[in-house]
file final-v2.tsv (TSV, C-alpha atoms)
chain	number	residue	atom	x	y	z
X	27	MET	CA	101.62	66.24	69.14
X	28	THR	CA	102.78	66.24	72.79
X	29	SER	CA	106.10	67.77	73.75
X	30	ASN	CA	108.88	65.62	75.13
X	31	PRO	CA	109.15	65.52	78.93
X	32	ALA	CA	111.90	67.61	80.51
X	33	SER	CA	115.10	66.18	81.97
X	34	LEU	CA	114.88	65.25	85.63
X	35	THR	CA	116.62	67.80	87.84
X	36	SER	CA	119.11	67.56	90.69
X	37	ASP	CA	116.23	68.32	93.12
X	38	PHE	CA	114.53	65.08	92.07
X	39	PHE	CA	117.64	63.02	92.88
X	40	GLU	CA	118.43	64.88	96.10
X	41	ALA	CA	114.90	64.18	97.38
X	42	LEU	CA	115.22	60.53	96.34
X	43	TYR	CA	118.47	60.03	98.29
X	44	GLN	CA	117.01	61.88	101.30
X	45	GLN	CA	114.25	59.27	101.45
X	46	ASN	CA	116.52	56.28	100.80
X	47	SER	CA	120.33	56.27	100.87
X	48	ASP	CA	120.39	53.49	98.22
X	49	PRO	CA	117.15	53.90	96.23
X	50	TRP	CA	118.06	51.34	93.54
X	51	GLN	CA	119.69	48.80	95.91
X	52	PHE	CA	123.05	49.20	94.15
X	53	GLU	CA	124.73	47.70	97.20
X	54	THR	CA	122.56	44.60	97.61
X	55	SER	CA	120.85	43.81	94.29
X	56	GLU	CA	121.92	40.65	92.44
X	57	TYR	CA	120.83	42.35	89.20
X	58	GLU	CA	123.21	45.25	89.87
X	59	ALA	CA	126.08	42.92	90.82
X	60	GLN	CA	125.72	40.93	87.59
X	61	LYS	CA	125.41	44.13	85.54
X	62	TYR	CA	128.59	45.56	87.10
X	63	MET	CA	130.46	42.35	86.23
X	64	ALA	CA	129.26	42.58	82.61
X	65	THR	CA	130.15	46.29	82.50
X	66	LEU	CA	133.74	45.69	83.58
X	67	ALA	CA	134.08	42.59	81.39
X	68	ALA	CA	133.07	44.65	78.34
X	69	LEU	CA	136.07	46.98	78.67
X	70	PRO	CA	138.72	45.90	76.14
X	71	HIS	CA	141.71	47.44	77.94
X	72	PRO	CA	142.90	46.34	81.36
X	73	LEU	CA	143.81	49.95	82.19
X	74	TYR	CA	142.69	53.33	80.85
X	75	GLN	CA	144.67	56.52	81.26
X	76	SER	CA	141.71	58.80	81.96
X	77	GLY	CA	138.15	57.70	82.70
X	78	PHE	CA	134.95	59.73	83.09
X	79	GLU	CA	131.89	58.35	84.89
X	80	ILE	CA	128.68	60.35	84.46
X	81	GLY	CA	126.36	59.87	87.43
X	82	GLY	CA	128.49	58.02	89.98
X	83	SER	CA	125.68	57.74	92.56
X	84	ILE	CA	126.87	56.14	95.81
X	85	GLY	CA	130.11	54.90	94.26
X	86	ILE	CA	129.63	51.14	93.84
X	87	LEU	CA	130.58	51.14	90.15
X	88	THR	CA	132.98	54.05	90.73
X	89	GLU	CA	135.09	51.93	93.07
X	90	LYS	CA	135.24	49.11	90.50
X	91	LEU	CA	136.04	51.45	87.59
X	92	ALA	CA	138.88	53.03	89.56
X	93	ALA	CA	140.75	49.72	89.36
X	94	ARG	CA	140.67	50.04	85.56
X	95	CYS	CA	141.71	53.72	85.29
X	96	GLN	CA	144.92	55.57	86.13
X	97	SER	CA	142.65	58.54	86.87
X	98	LEU	CA	138.86	58.62	87.09
X	99	LEU	CA	136.55	61.63	87.21
X	100	SER	CA	133.19	60.74	88.74
X	101	VAL	CA	130.44	63.36	88.61
X	102	GLU	CA	127.05	63.43	90.29
X	103	VAL	CA	124.11	65.83	90.76
X	104	SER	CA	123.19	64.68	94.28
X	105	THR	CA	125.41	65.84	97.14
X	106	ILE	CA	123.93	63.11	99.36
X	107	ALA	CA	124.84	60.36	96.89
X	108	GLN	CA	128.31	61.73	96.22
X	109	SER	CA	129.16	62.05	99.91
X	110	GLN	CA	128.45	58.30	100.22
X	111	ALA	CA	130.67	57.63	97.18
X	112	ILE	CA	133.52	59.66	98.67
X	113	LYS	CA	133.29	57.66	101.92
X	114	ARG	CA	133.17	54.36	100.02
X	115	CYS	CA	136.22	55.26	97.94
X	116	HIS	CA	138.24	57.12	100.59
X	117	HIS	CA	141.08	54.59	100.26
X	118	LEU	CA	141.52	55.32	96.52
X	119	THR	CA	143.72	58.22	95.42
X	120	ASN	CA	143.00	58.11	91.67
X	121	ILE	CA	139.36	59.34	91.79
X	122	ASP	CA	138.35	62.99	91.41
X	123	PHE	CA	134.79	63.59	92.62
X	124	GLN	CA	132.93	66.65	91.33
X	125	MET	CA	129.38	67.92	91.49
X	126	MET	CA	128.32	68.45	87.89
X	127	SER	CA	125.07	68.47	85.93
X	128	VAL	CA	125.74	67.10	82.46
X	129	PRO	CA	125.13	68.41	79.78
X	130	GLN	CA	124.77	71.93	81.22
X	131	GLU	CA	128.25	71.42	82.67
X	132	PHE	CA	131.01	69.28	81.23
X	133	PRO	CA	134.70	68.81	82.07
X	134	ASP	CA	137.17	70.64	79.85
X	135	LYS	CA	139.54	67.73	79.35
X	136	SER	CA	139.79	64.61	77.21
X	137	PHE	CA	139.25	60.98	78.17
X	138	ASP	CA	140.01	57.57	76.71
X	139	LEU	CA	137.02	56.03	78.53
X	140	ILE	CA	133.57	57.49	79.17
X	141	VAL	CA	130.95	55.45	81.05
X	142	LEU	CA	127.27	56.39	80.87
X	143	SER	CA	125.47	53.87	83.07
X	144	GLU	CA	121.81	54.26	84.06
X	145	VAL	CA	121.76	58.02	83.38
X	146	GLY	CA	120.79	58.74	79.76
X	147	TYR	CA	117.07	58.11	80.17
X	148	TYR	CA	116.83	60.87	82.79
X	149	TRP	CA	117.58	63.43	80.06
X	150	CYS	CA	115.13	64.82	77.53
X	151	ARG	CA	116.07	64.19	73.91
X	152	GLU	CA	117.62	67.65	73.51
X	153	ASP	CA	119.85	67.18	76.55
X	154	LEU	CA	120.79	63.66	75.43
X	155	GLU	CA	121.93	65.04	72.08
X	156	LYS	CA	123.91	67.83	73.80
X	157	ALA	CA	125.55	65.30	76.10
X	158	GLN	CA	126.27	63.00	73.17
X	159	ASN	CA	128.09	65.76	71.28
X	160	LEU	CA	130.08	66.77	74.36
X	161	MET	CA	131.08	63.17	75.04
X	162	LEU	CA	132.25	62.68	71.48
X	163	ASP	CA	134.15	65.97	71.53
X	164	ARG	CA	136.00	65.00	74.72
X	165	LEU	CA	136.56	61.33	73.87
X	166	ARG	CA	140.00	60.75	72.39
X	167	SER	CA	140.40	59.06	69.03
X	168	GLN	CA	140.04	55.29	69.55
X	169	GLY	CA	138.72	55.98	73.04
X	170	HIS	CA	135.87	53.86	74.37
X	171	LEU	CA	132.32	54.89	75.23
X	172	LEU	CA	130.39	52.37	77.31
X	173	LEU	CA	126.61	52.66	77.68
X	174	VAL	CA	124.59	50.51	80.09
X	175	HIS	CA	120.88	51.12	80.71
X	176	TRP	CA	117.83	49.42	82.12
X	177	ILE	CA	115.43	48.77	79.24
X	178	VAL	CA	112.17	48.03	81.06
X	179	ASP	CA	109.74	50.76	80.03
X	180	ALA	CA	109.21	53.29	82.83
X	181	ARG	CA	106.58	55.91	82.05
X	182	VAL	CA	108.02	58.44	84.49
X	183	LEU	CA	111.31	58.77	82.57
X	184	PRO	CA	111.81	61.15	79.63
X	185	LEU	CA	113.41	58.41	77.49
X	186	THR	CA	113.82	54.64	77.48
X	187	GLY	CA	117.15	52.86	77.70
X	188	ASN	CA	116.69	51.63	74.13
X	189	GLN	CA	116.11	55.18	72.87
X	190	VAL	CA	119.35	56.29	74.53
X	191	HIS	CA	121.36	53.51	72.92
X	192	ASP	CA	119.70	53.88	69.53
X	193	THR	CA	120.69	57.57	69.48
X	194	PHE	CA	124.34	56.53	69.68
X	195	LEU	CA	123.88	53.73	67.14
X	196	GLU	CA	122.86	56.40	64.63
X	197	LEU	CA	126.49	57.60	64.72
X	198	VAL	CA	127.79	54.25	63.44
X	199	PRO	CA	129.81	54.15	61.20
X	200	THR	CA	130.49	57.87	60.69
X	201	ARG	CA	131.71	58.85	64.17
X	202	LEU	CA	131.61	55.64	66.19
X	203	LYS	CA	132.42	51.99	65.71
X	204	GLN	CA	130.35	49.49	67.70
X	205	LEU	CA	132.61	46.96	69.41
X	206	LYS	CA	130.16	45.07	71.59
X	207	SER	CA	126.44	44.76	72.20
X	208	LEU	CA	124.63	42.81	74.89
X	209	SER	CA	120.91	42.73	75.64
X	210	THR	CA	119.24	40.93	78.52
X	211	THR	CA	115.58	41.05	79.52
X	212	GLU	CA	116.41	43.94	81.87
X	213	TYR	CA	119.35	45.92	80.52
X	214	ARG	CA	121.31	46.73	77.40
X	215	LEU	CA	125.06	47.29	77.07
X	216	ASP	CA	126.80	48.84	74.08
X	217	LEU	CA	130.50	49.55	73.70
X	218	PHE	CA	131.66	52.04	71.09
X	219	GLU	CA	135.04	53.24	69.88
X	220	LYS	CA	135.55	56.77	68.56
X	221	ILE	CA	136.68	56.79	64.95

call {"tool": "encode", "arguments": {"input": "final-v2.tsv", "output": "structure tokens"}}
result
Amino acid sequence: MTSNPASLTSDFFEALYQQNSDPWQFETSEYEAQKYMATLAALPHPLYQSGFEIGGSIGILTEKLAARCQSLLSVEVSTIAQSQAIKRCHHLTNIDFQMMSVPQEFPDKSFDLIVLSEVGYYWCREDLEKAQNLMLDRLRSQGHLLLVHWIVDARVLPLTGNQVHDTFLELVPTRLKQLKSLSTTEYRLDLFEKI
């Protein structure tokens, strides 16, 4: 039996952004634009007190999430990506940007919204489970957890988008309640509420 691949490291992402400042065309892709619209539309509350975005990249979704949060913590492992996000969002005063490698590091505060978008499949299963436990520990009761991931199989990634989402579905109905689920040919969105 082969061992699971390791989580991708910050070095991988830093090298990626050195080669291309927008490696996934977040700024120009119609797919990304439609996915961002669906992501924001899935949020049940017009405004959250405290949001946490894991893997903010160059800040496209960060900027949009900031309009739905009184305060938003956006963390990233690439300094190159986060510097772009800070420039993009310089006009917004409710975003706190931090360099942080989840799950090895995690903020010591609670949130009523956590967004994990296009990040979970970069973790190995062990790190995904660590991150999952940390997210649930820091998510307030009745807080929302929104997952959005590309589901096209990519052999270079430790996990698939479906594996990430299915890991959280295993916690329904004991720790999470599923509020919404959307699957397209390219991505999957699941919204959960902490019980």

call {"tool": "closest_residue", "arguments": {"input": "final-v2.tsv", "among": "X:Ala93, X:Leu34, X:Leu205, X:Val103", "to": "His117 of chain X", "atoms": "only C-alpha atoms"}}
result
X:Ala93

call {"tool": "atom_distance", "arguments": {"input": "final-v2.tsv", "atom1": "atom CA of Asp122 of chain X", "atom2": "atom CA of Gly169 of chain X"}}
result
19.7 Å

call {"tool": "residues_around", "arguments": {"input": "final-v2.tsv", "residues": "Ile177 of chain X", "least_positions_apart": "5", "cutoff": "9 Å", "atoms": "all atoms listed in the file", "output": "VMD selection string"}}
result
chain X and resid 186 to 188 209 to 214

call {"tool": "atom_distance", "arguments": {"input": "final-v2.tsv", "atom1": "atom CA of Ser97 of chain X", "atom2": "atom CA of Val174 of chain X"}}
result
20.9 Å

call {"tool": "atom_distance", "arguments": {"input": "final-v2.tsv", "atom1": "atom CA of Asp163 of chain X", "atom2": "atom CA of Met126 of chain X"}}
result
17.5 Å

call {"tool": "closest_residue", "arguments": {"input": "final-v2.tsv", "among": "X:Leu195, X:Ala67, X:Leu162, X:Ala180", "to": "Phe132 of chain X", "atoms": "only C-alpha atoms"}}
result
X:Leu162

call {"tool": "closest_residue", "arguments": {"input": "final-v2.tsv", "among": "X:Ile80, X:Ile121, X:Leu87, X:Ala111", "to": "Tyr62 of chain X", "atoms": "all atoms listed in the file"}}
result
X:Leu87
